[in-house]
Amino acid sequence: MDLDAVRTFVAVADAGQFREAALTLSISQQAVSKRIAALEKDLGVRLFTRTARGARPTIDGQAFLPHARDLLRAEERAAASVRPGTRALRVDVIGRRLAPAGLLRGFHRAHPDTALDVVTLFDADAAIAAVRSGTIDASFRALTFPARQLPEGIEAARVRDEPLQLLTGPAHEFAAARAVTPAQLVGHRIWMPGLVAGTEWAAYYDDLAAAFGLTIEATGPDFGTEPLLDTIAESSVLATFVGEQTRLVWPADDDLRRIAVHDPTPVYPHSLIWRRDNPHPALGTLRDYLGSPGPDRRDAPTWTPKWAQ
């Protein structure tokens with residue numbers, strides 16, 4: 001449907017005269033008449049009754065008017081969704097409970113007038129492709145290759161190193177510990193059914209296991225966070241890794257324990273990926289916000305995979 005013709009129909013209905021509608025739209029009265037005639041032909045009905053005093057909608061015109069207004073509102077929403085300066089900043093996070101989502105929540109609190117559209121794509125390859133195509137404005141990912149290997153025009157910056165914690169149930173050997181070392185975890189079963197081969201998070205934990213001789217199991221179906229927490233809570237031998245900033249809620253009687261891992265502390269390297277020529281004004285604001293200093297952990301040794309160094 002010709003939206004210019006629909007806009008003209010609404011203008012005539014509001015003004016009650018073709019001449020006044022022409023002035024409102026800054027077009028000739030002849031152009032108004034042609035648009036209305038074309039719309040009437042398209043719909044197969046008469047929309048106005050012409051009188052000496054002007055024009056008033058017919059019964060069909062009255063029925064069409066609210067839908068015509070809806071069409072014009074939909075047009076404006078569609079344009080605003082992609083118009084720089086008016087559309088929301090579209091940012092991909094690896095998961096809505098994980099640290100990148102927390103960084104975005106902090107950004108939103110600092111800049112409450114900035115509209116955000118938060119999405120979750122599957123892996124780094126999908127995220128980079130979406131940034132490159134303009135489907136999203138930015139993505140938080142762990143890059144498993146040097147930044148210089150990114151596609152032309154795509155940039156990345158390391159924005160946060162997130163320490164890992166060990167999550168256990170109350171019957172686990174380390175349940176009462178305030179901290180453990182990677183060396184102490186050798187021989188213990190760490191269960192992470194959410195690891196998917198070929199993803200950046202699987203690459204990270206593969207390298208972590210290899211570096212410290214850990215046993216990280218990805219066996220069994222992944223039923224989600226709640227069943228994983230239930231299993232850990234009931235087990236005396238299973239534990240799992242979680243990020244320090246991962247938001248988890250469990251029933252009080254699960255009595256789960258989050259235990260720091262030190263000497264060294266494995267940290268997950270979160271990077272922000274964006275397209276160099278992206279004009280969205282809020283993207284620069286987000287980058288400036290993420291560039292602010294985080295917690296100072298220089299007094300404690302950390303570990304990251306070689307590809308993140």
# chains A, B, ... in the order shown; residues from 1 in each chain; ligands from 1

call {"tool": "residues_around", "arguments": {"residues": "segment 53-58 of chain A", "least_positions_apart": "3", "cutoff": "12 Å", "atoms": "only C-alpha atoms", "output": "NGL selection string"}}
result
:A and (9-21 or 33 or 36 or 40 or 45-50 or 61-66)

call {"tool": "residues_around", "arguments": {"residues": "segment 265-277 of chain A", "least_positions_apart": "3", "cutoff": "9 Å", "atoms": "only C-alpha atoms", "output": "ChimeraX atom specification"}}
result
/A:99-100,127-128,131-132,134,136-143,153-165,181-182,201,204,208,243,260-262,283,287,290,300-305,308

call {"tool": "closest_residue", "arguments": {"among": "A:Thr114, A:Ala175, A:Thr8, A:His67", "to": "Gly284 of chain A", "atoms": "only C-alpha atoms"}}
result
A:Thr114

call {"tool": "residues_around", "arguments": {"residues": "Pro193 of chain A", "least_positions_apart": "2", "cutoff": "8 Å", "atoms": "only C-alpha atoms", "output": "number ranges by chain"}}
result
A: 191, 195, 217-222

call {"tool": "write_last_selection", "arguments": {"atoms": "N, CA, C and O atoms", "output": "mmCIF file, in the first residue's frame"}}
result
data_model
loop_
_atom_site.group_PDB
_atom_site.id
_atom_site.type_symbol
_atom_site.label_atom_id
_atom_site.label_comp_id
_atom_site.auth_asym_id
_atom_site.auth_seq_id
_atom_site.Cartn_x
_atom_site.Cartn_y
_atom_site.Cartn_z
ATOM 1 N N TRP A 191 31.920 -30.477 36.495
ATOM 2 C CA TRP A 191 30.882 -30.817 35.521
ATOM 3 C C TRP A 191 30.334 -29.551 34.881
ATOM 4 O O TRP A 191 29.840 -28.652 35.563
ATOM 5 N N LEU A 195 29.072 -26.864 27.875
ATOM 6 C CA LEU A 195 30.169 -26.657 26.924
ATOM 7 C C LEU A 195 29.799 -27.228 25.566
ATOM 8 O O LEU A 195 29.380 -28.378 25.457
ATOM 9 N N GLU A 217 34.192 -32.183 32.702
ATOM 10 C CA GLU A 217 33.294 -33.068 31.971
ATOM 11 C C GLU A 217 32.144 -32.265 31.367
ATOM 12 O O GLU A 217 31.557 -31.415 32.027
ATOM 13 N N ALA A 218 31.838 -32.568 30.118
ATOM 14 C CA ALA A 218 30.689 -31.948 29.450
ATOM 15 C C ALA A 218 29.668 -33.014 29.073
ATOM 16 O O ALA A 218 28.887 -32.841 28.139
ATOM 17 N N THR A 219 29.673 -34.122 29.814
ATOM 18 C CA THR A 219 28.801 -35.253 29.482
ATOM 19 C C THR A 219 27.360 -34.977 29.892
ATOM 20 O O THR A 219 27.097 -34.182 30.791
ATOM 21 N N GLY A 220 26.447 -35.680 29.222
ATOM 22 C CA GLY A 220 25.038 -35.579 29.564
ATOM 23 C C GLY A 220 24.374 -34.390 28.899
ATOM 24 O O GLY A 220 25.032 -33.444 28.475
ATOM 25 N N PRO A 221 23.036 -34.407 28.812
ATOM 26 C CA PRO A 221 22.304 -33.302 28.190
ATOM 27 C C PRO A 221 22.349 -32.060 29.063
ATOM 28 O O PRO A 221 22.434 -32.132 30.288
ATOM 29 N N ASP A 222 22.283 -30.907 28.423
ATOM 30 C CA ASP A 222 22.262 -29.629 29.126
ATOM 31 C C ASP A 222 20.816 -29.204 29.304
ATOM 32 O O ASP A 222 20.184 -28.724 28.369
#

call {"tool": "closest_residue", "arguments": {"among": "A:Ala88, A:Ile259, A:Ile27, A:Ala74", "to": "Phe174 of chain A", "atoms": "only C-alpha atoms"}}
result
A:Ile259

call {"tool": "closest_residue", "arguments": {"among": "A:Ser26, A:Thr285, A:Thr225, A:Gln309", "to": "His111 of chain A", "atoms": "only C-alpha atoms"}}
result
A:Thr285

call {"tool": "residues_around", "arguments": {"residues": "segment 253-257 of chain A", "least_positions_apart": "2", "cutoff": "6 Å", "atoms": "only C-alpha atoms", "output": "PyMOL selection string"}}
result
chain A and resi 167-170+233+251

call {"tool": "write_last_selection", "arguments": {"atoms": "N, CA and C atoms", "output": "PDB file, in the first residue's frame"}}
result
ATOM      1  N   LEU A 167      31.934 -23.675  42.209  1.00  0.00           N
ATOM      2  CA  LEU A 167      30.621 -23.789  42.831  1.00  0.00           C
ATOM      3  C   LEU A 167      30.429 -25.224  43.293  1.00  0.00           C
ATOM      4  N   THR A 168      30.157 -25.424  44.590  1.00  0.00           N
ATOM      5  CA  THR A 168      29.986 -26.768  45.142  1.00  0.00           C
ATOM      6  C   THR A 168      28.723 -26.837  45.995  1.00  0.00           C
ATOM      7  N   GLY A 169      28.314 -28.062  46.277  1.00  0.00           N
ATOM      8  CA  GLY A 169      27.258 -28.288  47.244  1.00  0.00           C
ATOM      9  C   GLY A 169      27.834 -28.396  48.642  1.00  0.00           C
ATOM     10  N   PRO A 170      26.997 -28.494  49.675  1.00  0.00           N
ATOM     11  CA  PRO A 170      27.474 -28.500  51.058  1.00  0.00           C
ATOM     12  C   PRO A 170      28.254 -29.747  51.443  1.00  0.00           C
ATOM     13  N   ALA A 233      24.174 -29.278  44.046  1.00  0.00           N
ATOM     14  CA  ALA A 233      23.783 -29.176  45.454  1.00  0.00           C
ATOM     15  C   ALA A 233      23.692 -30.539  46.117  1.00  0.00           C
ATOM     16  N   PRO A 251      17.471 -22.214  45.677  1.00  0.00           N
ATOM     17  CA  PRO A 251      16.727 -22.342  46.941  1.00  0.00           C
ATOM     18  C   PRO A 251      17.679 -22.372  48.128  1.00  0.00           C
TER      19      PRO A 251
END

call {"tool": "atom_distance", "arguments": {"atom1": "atom CA of Arg73 of chain A", "atom2": "atom CA of Ala115 of chain A"}}
result
19.2 Å

call {"tool": "closest_residue", "arguments": {"among": "A:Tyr289, A:Glu173, A:Thr120, A:Ala129", "to": "Gly106 of chain A", "atoms": "only C-alpha atoms"}}
result
A:Tyr289

call {"tool": "atom_distance", "arguments": {"atom1": "atom CA of Leu71 of chain A", "atom2": "atom CA of Val6 of chain A"}}
result
8.0 Å

call {"tool": "atom_distance", "arguments": {"atom1": "atom CA of Val186 of chain A", "atom2": "atom CA of Gly198 of chain A"}}
result
24.4 Å

call {"tool": "closest_residue", "arguments": {"among": "A:Val196, A:Leu214, A:Arg189, A:Asp288", "to": "Thr240 of chain A", "atoms": "only C-alpha atoms"}}
result
A:Arg189
